[in-house]
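Data file: target.cif. Format and content: mmCIF, C-alpha atoms.
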data_protein
loop_
_atom_site.group_PDB
_atom_site.id
_atom_site.type_symbol
_atom_site.label_atom_id
_atom_site.label_comp_id
_atom_site.auth_asym_id
_atom_site.auth_seq_id
_atom_site.Cartn_x
_atom_site.Cartn_y
_atom_site.Cartn_z
ATOM 1 C CA MET A 21 42.000 58.070 -8.371
ATOM 2 C CA LEU A 22 42.119 61.514 -9.953
ATOM 3 C CA ALA A 23 45.121 63.698 -9.219
ATOM 4 C CA LEU A 24 44.408 66.797 -7.120
ATOM 5 C CA THR A 25 44.774 69.125 -10.123
ATOM 6 C CA ASP A 26 42.364 66.935 -12.098
ATOM 7 C CA LYS A 27 39.840 67.128 -9.269
ATOM 8 C CA PHE A 28 39.914 70.916 -9.350
ATOM 9 C CA LYS A 29 39.598 70.785 -13.121
ATOM 10 C CA VAL A 30 36.466 68.633 -12.880
ATOM 11 C CA ILE A 31 34.930 70.968 -10.276
ATOM 12 C CA ILE A 32 35.579 74.046 -12.418
ATOM 13 C CA LEU A 33 34.227 72.368 -15.534
ATOM 14 C CA LEU A 34 31.082 71.182 -13.786
ATOM 15 C CA LEU A 35 30.460 74.591 -12.243
ATOM 16 C CA CYS A 36 30.689 76.057 -15.726
ATOM 17 C CA LEU A 37 28.522 73.284 -17.110
ATOM 18 C CA PHE A 38 25.671 73.745 -14.670
ATOM 19 C CA SER A 39 25.876 77.484 -13.910
ATOM 20 C CA LEU A 40 22.687 79.458 -14.423
ATOM 21 C CA SER A 41 24.366 81.980 -16.698
ATOM 22 C CA GLY A 42 25.860 79.261 -18.889
ATOM 23 C CA CYS A 43 29.224 79.277 -20.605
ATOM 24 C CA GLY A 44 28.109 78.877 -24.190
ATOM 25 C CA SER A 45 27.346 75.619 -25.988
ATOM 26 C CA PHE A 46 30.873 75.187 -27.372
ATOM 27 C CA ILE A 47 32.498 75.668 -23.962
ATOM 28 C CA ASN A 48 29.920 73.327 -22.423
ATOM 29 C CA ARG A 49 30.783 70.631 -24.932
ATOM 30 C CA MET A 50 34.478 71.091 -24.201
ATOM 31 C CA ALA A 51 33.715 70.871 -20.484
ATOM 32 C CA VAL A 52 31.809 67.634 -21.049
ATOM 33 C CA LYS A 53 34.684 66.184 -23.070
ATOM 34 C CA SER A 54 37.215 66.933 -20.335
ATOM 35 C CA ALA A 55 34.993 65.940 -17.415
ATOM 36 C CA GLY A 56 33.609 62.858 -19.184
ATOM 37 C CA GLY A 57 37.089 61.624 -20.021
ATOM 38 C CA MET A 58 38.358 62.062 -16.473
ATOM 39 C CA LEU A 59 35.260 60.507 -14.926
ATOM 40 C CA ALA A 60 35.603 57.532 -17.294
ATOM 41 C CA LYS A 61 39.209 57.036 -16.186
ATOM 42 C CA ALA A 62 38.262 57.411 -12.530
ATOM 43 C CA SER A 63 35.573 54.711 -12.850
ATOM 44 C CA ASP A 64 38.184 52.003 -12.191
ATOM 45 C CA GLU A 65 38.263 53.188 -8.579
ATOM 46 C CA VAL A 66 34.814 51.748 -7.967
ATOM 47 C CA LEU A 67 36.235 48.211 -8.331
ATOM 48 C CA THR A 68 38.110 48.745 -5.068
ATOM 49 C CA GLU A 69 34.898 49.300 -3.079
ATOM 50 C CA GLY A 70 34.350 46.389 -0.728
ATOM 51 C CA ASN A 71 31.310 47.866 1.015
ATOM 52 C CA TRP A 72 28.240 46.782 -0.965
ATOM 53 C CA ASP A 73 26.021 49.380 0.738
ATOM 54 C CA ILE A 74 28.233 52.277 -0.342
ATOM 55 C CA PHE A 75 27.873 51.154 -3.956
ATOM 56 C CA TYR A 76 24.116 50.742 -3.474
ATOM 57 C CA TYR A 77 23.628 54.271 -2.121
ATOM 58 C CA GLY A 78 26.454 56.098 -3.883
ATOM 59 C CA VAL A 79 26.274 55.164 -7.553
ATOM 60 C CA PRO A 80 22.800 56.507 -8.562
ATOM 61 C CA GLY A 81 23.812 60.128 -7.976
ATOM 62 C CA ASN A 82 26.906 59.664 -10.120
ATOM 63 C CA LEU A 83 24.788 58.174 -12.897
ATOM 64 C CA LYS A 84 22.502 61.207 -12.910
ATOM 65 C CA LEU A 85 25.555 63.447 -13.097
ATOM 66 C CA MET A 86 26.770 61.480 -16.122
ATOM 67 C CA GLU A 87 23.337 61.792 -17.723
ATOM 68 C CA GLY A 88 23.577 65.547 -17.242
ATOM 69 C CA LEU A 89 26.821 65.466 -19.215
ATOM 70 C CA TYR A 90 25.175 63.262 -21.833
ATOM 71 C CA HIS A 91 22.322 65.744 -22.235
ATOM 72 C CA ILE A 92 24.807 68.378 -23.377
ATOM 73 C CA SER A 93 27.071 66.150 -25.471
ATOM 74 C CA PRO A 94 25.225 62.936 -26.454
ATOM 75 C CA GLU A 95 28.027 61.650 -28.699
ATOM 76 C CA ASP A 96 30.872 61.931 -26.206
ATOM 77 C CA ARG A 97 32.435 58.473 -25.960
ATOM 78 C CA GLY A 98 33.745 58.978 -22.435
ATOM 79 C CA VAL A 99 30.279 59.852 -21.162
ATOM 80 C CA LEU A 100 28.586 57.035 -23.090
ATOM 81 C CA SER A 101 31.135 54.531 -21.811
ATOM 82 C CA GLY A 102 30.603 55.724 -18.238
ATOM 83 C CA LEU A 103 26.836 55.330 -18.585
ATOM 84 C CA VAL A 104 27.141 51.838 -20.081
ATOM 85 C CA LYS A 105 29.477 50.680 -17.328
ATOM 86 C CA GLY A 106 27.517 52.508 -14.627
ATOM 87 C CA TYR A 107 24.065 51.156 -15.453
ATOM 88 C CA ALA A 108 25.311 47.647 -16.295
ATOM 89 C CA GLY A 109 27.380 47.602 -13.113
ATOM 90 C CA TYR A 110 24.512 48.819 -10.929
ATOM 91 C CA ALA A 111 22.166 46.233 -12.417
ATOM 92 C CA PHE A 112 24.693 43.465 -11.755
ATOM 93 C CA VAL A 113 25.900 44.542 -8.316
ATOM 94 C CA VAL A 114 22.603 45.747 -6.830
ATOM 95 C CA SER A 115 19.400 44.892 -8.707
ATOM 96 C CA GLU A 116 20.372 41.433 -9.947
ATOM 97 C CA THR A 117 21.719 40.537 -6.505
ATOM 98 C CA LEU A 118 18.532 41.617 -4.703
ATOM 99 C CA ALA A 119 16.425 39.916 -7.381
ATOM 100 C CA LEU A 120 17.968 36.612 -6.298
ATOM 101 C CA ASN A 121 15.917 36.764 -3.113
ATOM 102 C CA GLU A 122 12.750 37.283 -5.171
ATOM 103 C CA GLU A 123 13.640 34.268 -7.310
ATOM 104 C CA TYR A 124 14.235 31.980 -4.328
ATOM 105 C CA ASN A 125 11.019 33.212 -2.691
ATOM 106 C CA GLU A 126 9.143 32.639 -5.973
ATOM 107 C CA SER A 127 7.625 36.076 -5.439
ATOM 108 C CA GLU A 128 4.780 37.215 -7.655
ATOM 109 C CA ILE A 129 5.798 40.868 -7.309
ATOM 110 C CA ARG A 130 9.462 41.381 -8.166
ATOM 111 C CA PRO A 131 10.525 45.047 -7.941
ATOM 112 C CA ASN A 132 14.251 44.311 -8.009
ATOM 113 C CA THR A 133 13.856 42.157 -11.082
ATOM 114 C CA ARG A 134 12.097 45.067 -12.779
ATOM 115 C CA GLN A 135 14.894 47.407 -11.704
ATOM 116 C CA ALA A 136 17.501 45.023 -13.134
ATOM 117 C CA ILE A 137 15.643 45.023 -16.462
ATOM 118 C CA TYR A 138 15.365 48.805 -16.348
ATOM 119 C CA HIS A 139 19.069 49.362 -15.631
ATOM 120 C CA TYR A 140 20.246 46.786 -18.150
ATOM 121 C CA SER A 141 17.941 48.363 -20.742
ATOM 122 C CA LYS A 142 19.546 51.747 -20.185
ATOM 123 C CA ALA A 143 23.024 50.252 -20.514
ATOM 124 C CA VAL A 144 22.065 48.526 -23.778
ATOM 125 C CA ASN A 145 20.570 51.724 -25.212
ATOM 126 C CA TYR A 146 23.650 53.768 -24.310
ATOM 127 C CA GLY A 147 25.760 50.899 -25.612
ATOM 128 C CA GLU A 148 24.244 51.087 -29.066
ATOM 129 C CA GLN A 149 24.806 54.841 -29.098
ATOM 130 C CA PHE A 150 28.442 54.182 -28.174
ATOM 131 C CA LEU A 151 28.757 51.708 -31.066
ATOM 132 C CA LYS A 152 27.231 54.218 -33.479
ATOM 133 C CA THR A 153 30.084 56.649 -32.804
ATOM 134 C CA TYR A 154 32.248 53.994 -34.514
ATOM 135 C CA GLY A 155 29.746 53.451 -37.331
ATOM 136 C CA LEU A 156 28.371 50.200 -35.857
ATOM 137 C CA ASP A 157 25.073 48.946 -34.466
ATOM 138 C CA PHE A 158 23.620 45.716 -33.068
ATOM 139 C CA ASP A 159 22.038 44.687 -36.379
ATOM 140 C CA GLN A 160 25.440 44.664 -38.063
ATOM 141 C CA ILE A 161 26.871 42.500 -35.289
ATOM 142 C CA GLN A 162 23.916 40.108 -35.527
ATOM 143 C CA LYS A 163 24.419 39.666 -39.275
ATOM 144 C CA VAL A 164 28.021 38.495 -38.919
ATOM 145 C CA SER A 165 27.645 36.715 -35.546
ATOM 146 C CA SER A 166 27.705 33.236 -37.122
ATOM 147 C CA SER A 167 31.327 33.819 -38.159
ATOM 148 C CA LYS A 168 33.868 34.450 -35.405
ATOM 149 C CA GLU A 169 36.302 35.821 -37.963
ATOM 150 C CA GLU A 170 33.821 38.295 -39.478
ATOM 151 C CA SER A 171 32.575 39.355 -36.039
ATOM 152 C CA SER A 172 36.135 40.012 -34.945
ATOM 153 C CA ARG A 173 36.838 42.035 -38.069
ATOM 154 C CA LEU A 174 33.701 44.130 -37.568
ATOM 155 C CA LEU A 175 34.243 44.756 -33.853
ATOM 156 C CA GLY A 176 37.876 45.486 -34.610
ATOM 157 C CA LYS A 177 36.698 48.899 -35.830
ATOM 158 C CA LEU A 178 36.558 49.879 -32.175
ATOM 159 C CA GLY A 179 40.170 48.956 -31.590
ATOM 160 C CA THR A 180 41.737 46.984 -28.751
ATOM 161 C CA SER A 181 42.448 49.603 -26.091
ATOM 162 C CA LYS A 182 41.367 49.073 -22.476
ATOM 163 C CA PHE A 183 38.698 51.757 -22.928
ATOM 164 C CA GLU A 184 37.014 50.068 -25.897
ATOM 165 C CA LEU A 185 37.323 46.521 -24.562
ATOM 166 C CA GLU A 186 35.861 47.448 -21.165
ATOM 167 C CA THR A 187 32.949 49.292 -22.735
ATOM 168 C CA LEU A 188 32.248 46.435 -25.139
ATOM 169 C CA PHE A 189 32.352 43.914 -22.314
ATOM 170 C CA PHE A 190 29.772 45.841 -20.298
ATOM 171 C CA ILE A 191 27.575 46.220 -23.376
ATOM 172 C CA GLY A 192 27.660 42.439 -23.763
ATOM 173 C CA GLN A 193 27.018 41.901 -20.063
ATOM 174 C CA ALA A 194 24.038 44.270 -20.120
ATOM 175 C CA TYR A 195 22.508 42.626 -23.194
ATOM 176 C CA GLY A 196 23.087 39.180 -21.703
ATOM 177 C CA GLY A 197 21.535 40.237 -18.391
ATOM 178 C CA LEU A 198 18.526 41.675 -20.185
ATOM 179 C CA ILE A 199 18.006 38.366 -21.996
ATOM 180 C CA LEU A 200 18.426 36.373 -18.776
ATOM 181 C CA PHE A 201 15.585 38.315 -17.147
ATOM 182 C CA ASN A 202 13.324 37.942 -20.207
ATOM 183 C CA LEU A 203 13.559 34.261 -21.106
ATOM 184 C CA ASP A 204 9.959 34.267 -22.337
ATOM 185 C CA ASP A 205 10.733 36.976 -24.908
ATOM 186 C CA MET A 206 11.740 35.136 -28.078
ATOM 187 C CA ALA A 207 12.660 38.380 -29.849
ATOM 188 C CA LEU A 208 15.271 39.064 -27.175
ATOM 189 C CA ILE A 209 16.496 35.471 -27.049
ATOM 190 C CA ALA A 210 17.135 35.705 -30.791
ATOM 191 C CA LYS A 211 19.739 38.385 -29.974
ATOM 192 C CA ARG A 212 21.967 35.992 -28.011
ATOM 193 C CA PRO A 213 24.459 35.714 -30.904
ATOM 194 C CA ILE A 214 25.191 39.445 -30.465
ATOM 195 C CA VAL A 215 26.196 38.839 -26.856
ATOM 196 C CA LYS A 216 28.413 35.884 -27.725
ATOM 197 C CA ALA A 217 30.090 37.770 -30.580
ATOM 198 C CA ILE A 218 30.955 40.631 -28.221
ATOM 199 C CA PHE A 219 32.313 38.329 -25.517
ATOM 200 C CA ASP A 220 34.282 36.284 -28.052
ATOM 201 C CA TYR A 221 35.975 39.427 -29.328
ATOM 202 C CA VAL A 222 36.847 40.848 -25.899
ATOM 203 C CA CYS A 223 37.851 37.531 -24.339
ATOM 204 C CA GLN A 224 40.024 36.534 -27.276
ATOM 205 C CA ILE A 225 42.060 39.707 -26.805
ATOM 206 C CA ASN A 226 41.962 39.682 -22.999
ATOM 207 C CA PRO A 227 40.980 36.233 -21.643
ATOM 208 C CA ASP A 228 41.812 37.356 -18.085
ATOM 209 C CA PHE A 229 39.358 40.271 -18.179
ATOM 210 C CA ASN A 230 38.310 41.154 -14.613
ATOM 211 C CA ARG A 231 39.970 37.986 -13.312
ATOM 212 C CA GLY A 232 37.550 35.379 -14.542
ATOM 213 C CA ALA A 233 34.630 37.315 -16.033
ATOM 214 C CA CYS A 234 35.049 35.583 -19.403
ATOM 215 C CA ASP A 235 35.045 32.142 -17.776
ATOM 216 C CA ILE A 236 31.886 32.978 -15.816
ATOM 217 C CA PHE A 237 30.117 34.000 -19.020
ATOM 218 C CA TYR A 238 31.065 30.870 -20.961
ATOM 219 C CA ALA A 239 30.353 28.533 -18.044
ATOM 220 C CA ALA A 240 26.969 30.078 -17.192
ATOM 221 C CA ASN A 241 26.016 30.158 -20.882
ATOM 222 C CA LEU A 242 26.674 26.413 -21.227
ATOM 223 C CA VAL A 243 24.837 25.624 -17.997
ATOM 224 C CA LEU A 244 21.773 27.776 -18.685
ATOM 225 C CA THR A 245 21.343 26.873 -22.369
ATOM 226 C CA PRO A 246 19.203 23.812 -23.225
ATOM 227 C CA ALA A 247 21.151 20.936 -24.800
ATOM 228 C CA MET A 248 19.215 21.232 -28.066
ATOM 229 C CA MET A 249 20.537 24.804 -28.368
ATOM 230 C CA GLY A 250 24.154 23.932 -27.629
ATOM 231 C CA GLY A 251 24.132 23.837 -23.849
ATOM 232 C CA ASP A 252 26.383 21.449 -21.923
ATOM 233 C CA PRO A 253 26.157 21.543 -18.084
ATOM 234 C CA ASN A 254 29.149 19.225 -17.644
ATOM 235 C CA LYS A 255 31.355 21.440 -19.791
ATOM 236 C CA GLY A 256 30.047 24.490 -17.932
ATOM 237 C CA GLN A 257 30.918 22.855 -14.608
ATOM 238 C CA GLU A 258 34.423 22.126 -15.882
ATOM 239 C CA ILE A 259 34.963 25.768 -16.884
ATOM 240 C CA PHE A 260 33.681 26.970 -13.498
ATOM 241 C CA GLU A 261 36.026 24.658 -11.609
ATOM 242 C CA LYS A 262 39.071 25.592 -13.702
ATOM 243 C CA ALA A 263 38.288 29.286 -13.204
ATOM 244 C CA MET A 264 37.992 28.874 -9.428
ATOM 245 C CA ASN A 265 41.458 27.309 -9.398
ATOM 246 C CA LYS A 266 42.930 29.931 -11.733
ATOM 247 C CA TYR A 267 41.436 32.951 -9.916
ATOM 248 C CA PRO A 268 41.081 31.813 -6.276
ATOM 249 C CA GLU A 269 40.885 35.428 -5.082
ATOM 250 C CA ASN A 270 37.711 36.109 -7.108
ATOM 251 C CA ASP A 271 35.044 34.731 -4.797
ATOM 252 C CA PHE A 272 32.258 35.711 -7.157
ATOM 253 C CA ILE A 273 33.214 32.823 -9.465
ATOM 254 C CA ARG A 274 32.412 30.349 -6.697
ATOM 255 C CA VAL A 275 29.117 32.073 -5.880
ATOM 256 C CA ALA A 276 28.174 32.015 -9.581
ATOM 257 C CA TYR A 277 29.060 28.307 -9.605
ATOM 258 C CA MET A 278 26.658 27.758 -6.720
ATOM 259 C CA GLN A 279 23.942 29.982 -8.168
ATOM 260 C CA PHE A 280 23.975 28.647 -11.717
ATOM 261 C CA PHE A 281 25.139 25.054 -11.268
ATOM 262 C CA THR A 282 25.142 23.421 -7.834
ATOM 263 C CA ILE A 283 21.742 24.743 -6.717
ATOM 264 C CA PRO A 284 19.659 24.250 -9.895
ATOM 265 C CA PHE A 285 21.302 20.859 -10.636
ATOM 266 C CA GLU A 286 20.938 19.775 -6.990
ATOM 267 C CA GLU A 287 24.625 19.022 -6.475
ATOM 268 C CA GLU A 288 24.379 19.159 -2.691
ATOM 269 C CA GLU A 289 27.881 17.903 -1.905
ATOM 270 C CA LEU A 290 29.531 20.392 -4.280
ATOM 271 C CA PHE A 291 27.314 23.156 -2.937
ATOM 272 C CA GLN A 292 28.244 22.408 0.670
ATOM 273 C CA GLU A 293 31.946 22.348 -0.160
ATOM 274 C CA SER A 294 31.772 25.827 -1.736
ATOM 275 C CA PHE A 295 29.422 27.155 0.939
ATOM 276 C CA ASN A 296 31.742 26.159 3.800
ATOM 277 C CA LEU A 297 34.763 27.699 2.084
ATOM 278 C CA LEU A 298 32.949 30.957 1.352
ATOM 279 C CA LYS A 299 31.712 31.319 4.923
ATOM 280 C CA LYS A 300 35.307 31.362 6.113
ATOM 281 C CA LYS A 301 36.439 33.709 3.349
ATOM 282 C CA GLU A 302 33.512 36.038 4.073
ATOM 283 C CA LYS A 303 34.688 36.524 7.653
ATOM 284 C CA ASP A 304 38.270 37.206 6.526
ATOM 285 C CA PHE A 305 37.159 39.645 3.816
ATOM 286 C CA LYS A 306 34.983 41.718 6.122
ATOM 287 C CA ALA A 307 37.801 41.887 8.641
ATOM 288 C CA SER A 308 40.201 43.063 5.920
ATOM 289 C CA LEU A 309 38.042 46.148 5.288
ATOM 290 C CA GLU A 310 38.551 47.348 8.846
ATOM 291 C CA PHE A 311 41.723 49.021 10.077
ATOM 292 C CA ASP A 312 44.226 46.693 11.655
ATOM 293 C CA PRO A 313 47.737 47.976 12.445
ATOM 294 C CA ASN A 314 49.085 44.426 12.232
ATOM 295 C CA SER A 315 47.659 43.569 8.798
ATOM 296 C CA LYS A 316 48.202 44.635 5.226
ATOM 297 C CA ASP A 317 45.742 47.256 3.947
ATOM 298 C CA ASN A 318 43.599 45.485 1.336
ATOM 299 C CA ARG A 319 41.021 48.238 0.966
ATOM 300 C CA ARG A 320 42.380 49.322 -2.435
ATOM 301 C CA SER A 321 42.301 45.894 -4.075
ATOM 302 C CA SER A 322 40.711 45.941 -7.535
ATOM 303 C CA ILE A 323 38.879 42.710 -6.714
ATOM 304 C CA ASN A 324 36.965 44.107 -3.715
ATOM 305 C CA LEU A 325 33.721 44.888 -5.524
ATOM 306 C CA PHE A 326 33.442 41.337 -6.886
ATOM 307 C CA LYS A 327 34.002 40.017 -3.370
ATOM 308 C CA ALA A 328 31.350 42.387 -2.010
ATOM 309 C CA VAL A 329 28.822 41.100 -4.566
ATOM 310 C CA ALA A 330 29.792 37.504 -3.815
ATOM 311 C CA PHE A 331 29.189 37.822 -0.097
ATOM 312 C CA LYS A 332 25.974 39.813 -0.529
ATOM 313 C CA ARG A 333 24.627 36.984 -2.675
ATOM 314 C CA LEU A 334 25.931 34.453 -0.164
ATOM 315 C CA GLU A 335 23.948 36.309 2.491
ATOM 316 C CA ILE A 336 20.787 35.777 0.430
ATOM 317 C CA ILE A 337 21.633 32.128 -0.258
ATOM 318 C CA LYS A 338 21.996 31.528 3.501
ATOM 319 C CA LYS A 339 18.363 32.578 4.028
ATOM 320 C CA HIS A 340 17.137 29.847 1.695
ATOM 321 C CA LEU A 341 19.349 26.894 2.643
ATOM 322 C CA GLY A 342 16.369 24.761 3.607
ATOM 323 C CA ASN A 343 14.744 25.148 0.195
ATOM 324 C CA PHE A 344 17.515 23.972 -2.141
ATOM 325 C CA PHE A 345 17.910 20.227 -1.683
#
What would the structure in this file look like if it were written as structure tokens?
Amino acid sequence: MLALTDKFKVIILLLCLFSLSGCGSFINRMAVKSAGGMLAKASDEVLTEGNWDIFYYGVPGNLKLMEGLYHISPEDRGVLSGLVKGYAGYAFVVSETLALNEEYNESEIRPNTRQAIYHYSKAVNYGEQFLKTYGLDFDQIQKVSSSKEESSRLLGKLGTSKFELETLFFIGQAYGGLILFNLDDMALIAKRPIVKAIFDYVCQINPDFNRGACDIFYAANLVLTPAMMGGDPNKGQEIFEKAMNKYPENDFIRVAYMQFFTIPFEEEELFQESFNLLKKKEKDFKASLEFDPNSKDNRRSSINLFKAVAFKRLEIIKKHLGNFF
């Protein structure tokens, strides 16, 4: 959370930024730099949100505010990072989650799928602009993607700070999500090496990123990829199961395991085992978000958003239980 003095600073800067009289282009750019940097730092707070609906309704307005900052200073890294993380996060938390219902219904009209593509596209576009501030672009990453060593050397231009690694991760997530929703687009599928190169770099430096996010990527990639292209469902299953044991508090790993492995591969017994466990954990999690004088306050946990996504997807899975096996 921002300190009280920082909050006042943001308010003053934004008033200056959007005032009718204006404060001059130089002052506006300085305002963007200060506000963008503080908003980027404050973005970690969103991970503590356990109420999926608050994220659904609350984030779009913040994204438009960030785009207002971008309009004035399009090369500000703090603003670009916030937009990458914001649009990729909204696509993952909201649009991709709601699109699951369209997939299970085999709907012909899929508005949430289109929204996921739209949001991921924005994140990818802002992501490339972020990379360009370091003298990089996606084509350069693609050219060296066959060599882990060369990819690491190239991406090393960004550095290894939390800021750069987080932004890179969300760029990779957005590009991967965009590909996942466009599996009939061979031009996009050909860009998969870019996604893997980005994840390899981030996950080599921080294998525990977001408590299992790297494991989810590698497991889902092995499960979803055809064998002739390097896929291996058994290896993917193994990674999922190890991750669930390593990060038992991250319930999204188990939901991803169900979504990408147990349901499509018709592993009914494994599905039922995870489903029964999650039903119990769902009840406990929802209770933890409500005030209880006799319990520890878990409302500020940095894993809450992943739990919220997990149980929202579980809610959708429940509606289709009769159609899976």
Problem set entry | Selection result of the PyMOL selection byres ((chain A and resi 130-147) around 6) on this file, as a PyMOL selection string | chain A and resi 104+107-108+111+115-116+119+129+148-150+191+194-195+198
For this session: Write out as a PyMOL selection string which residues come within 10 Å of Tyr154 in chain A when counting only C-alpha atoms, dropping same-chain ones fewer than 2 positions away.
Result: chain A and resi 97+149-152+156-157+175+177-179
Problem set entry | Pairwise distance for CA of Ser172 in chain A and CA of Asn226 in chain A, rounded to one decimal in Å |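 Interatomic distance here is 13.3 Å.
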Problem set entry | Radius query 12 Å about (27.4, 50.8, -10.3), atoms used: only C-alpha atoms, as a PyMOL selection string | chain A and resi 63-67+69+72-84+102-116+136+139-140+143+190+325-326+329
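The coordinates place CA of Phe183 in chain A at 28.8 Å from CA of Leu309 in chain A.
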For this session: Would you kindly return, as a list in words, each protein, DNA or RNA residue with an atom no farther than 9 Å from any atom of Asp271 in chain A, considering all atoms listed in the file and excluding same-chain residues fewer than 5 positions away?
Result: Met264, Ala276, Leu298, Lys301, Phe326, Lys327, Ala328, Val329, Ala330 and Phe331 of chain A
For this session: Go through A:Ser93, A:Ser321, A:Asn121, A:Asn71 and flag the residue nearest Lys339 in chain A, using only C-alpha atoms for the distances.
Result: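 Smallest separation from Lys339 in chain A among the options: A:Asn121.
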For this session: Excluding range 158-165 of chain A and any residue of its chain fewer than 5 positions from it, enumerate the residues within 9 Å of it, using all atoms listed in the file, and give them as a PyMOL selection string.
Result: chain A and resi 148+151+170-171+174-175+211-214+216-218
Exercise. Between CA of Glu288 in chain A and CA of Ala240 in chain A, what is the distance, to one decimal in Å?
Worked result: 18.3 Å
Problem set entry | Answer key for the PyMOL selection byres ((chain A and resi 94) around 12), residues as a list in words |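 Expected selection for the PyMOL selection byres ((chain A and resi 94) around 12) here is Arg49, Val52, Lys53, Gly56, Met86, Glu87, Gly88, Leu89, Tyr90, His91, Ile92, Ser93, Glu95, Asp96, Arg97, Gly98, Val99, Leu100, Ser101, Leu103, Tyr146, Gln149, Phe150, Lys152 and Thr153 of chain A.
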Exercise. For Ile209 in chain A, which of A:Leu118, A:Ala263, A:Met249, A:Leu297 is the closest residue, counting all atoms listed in the file?
Worked result: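 Checking each of A:Leu118, A:Ala263, A:Met249, A:Leu297 against Ile209 in chain A, counting all atoms listed in the file, the winner is A:Met249.
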Exercise. Residues picked by the PyMOL selection byres ((chain A and resi 227-238) around 7) here, as an MDAnalysis selection string?
Worked result: chainID A and resid 223:226 239:242 259:260 263 267 270 273
Exercise. Counting all atoms listed in the file, which of A:Phe219, A:Asp204, A:Lys303, A:Phe345 gets nearest to Gly192 in chain A?
Worked result: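 Among the listed residues, A:Phe219 lies closest to Gly192 in chain A.
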For this session: Please provide the set of residues having any atom within 10 Å of Phe295 in chain A, restricted to all atoms listed in the file, with same-chain residues fewer than 2 positions apart removed, written as a PyMOL selection string.
Result: chain A and resi 274-275+278+289-293+297-301+334+337-338
Would you save the residues from that selection as a PDB file, in the coordinates of the input, using C-alpha atoms?
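Below you can see result_15.pdb, which holds the result:
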ATOM      1  CA  ARG A 274      32.412  30.349  -6.697  1.00  0.00           C
ATOM      2  CA  VAL A 275      29.117  32.073  -5.880  1.00  0.00           C
ATOM      3  CA  MET A 278      26.658  27.758  -6.720  1.00  0.00           C
ATOM      4  CA  GLU A 289      27.881  17.903  -1.905  1.00  0.00           C
ATOM      5  CA  LEU A 290      29.531  20.392  -4.280  1.00  0.00           C
ATOM      6  CA  PHE A 291      27.314  23.156  -2.937  1.00  0.00           C
ATOM      7  CA  GLN A 292      28.244  22.408   0.670  1.00  0.00           C
ATOM      8  CA  GLU A 293      31.946  22.348  -0.160  1.00  0.00           C
ATOM      9  CA  LEU A 297      34.763  27.699   2.084  1.00  0.00           C
ATOM     10  CA  LEU A 298      32.949  30.957   1.352  1.00  0.00           C
ATOM     11  CA  LYS A 299      31.712  31.319   4.923  1.00  0.00           C
ATOM     12  CA  LYS A 300      35.307  31.362   6.113  1.00  0.00           C
ATOM     13  CA  LYS A 301      36.439  33.709   3.349  1.00  0.00           C
ATOM     14  CA  LEU A 334      25.931  34.453  -0.164  1.00  0.00           C
ATOM     15  CA  ILE A 337      21.633  32.128  -0.258  1.00  0.00           C
ATOM     16  CA  LYS A 338      21.996  31.528   3.501  1.00  0.00           C
TER      17      LYS A 338
END
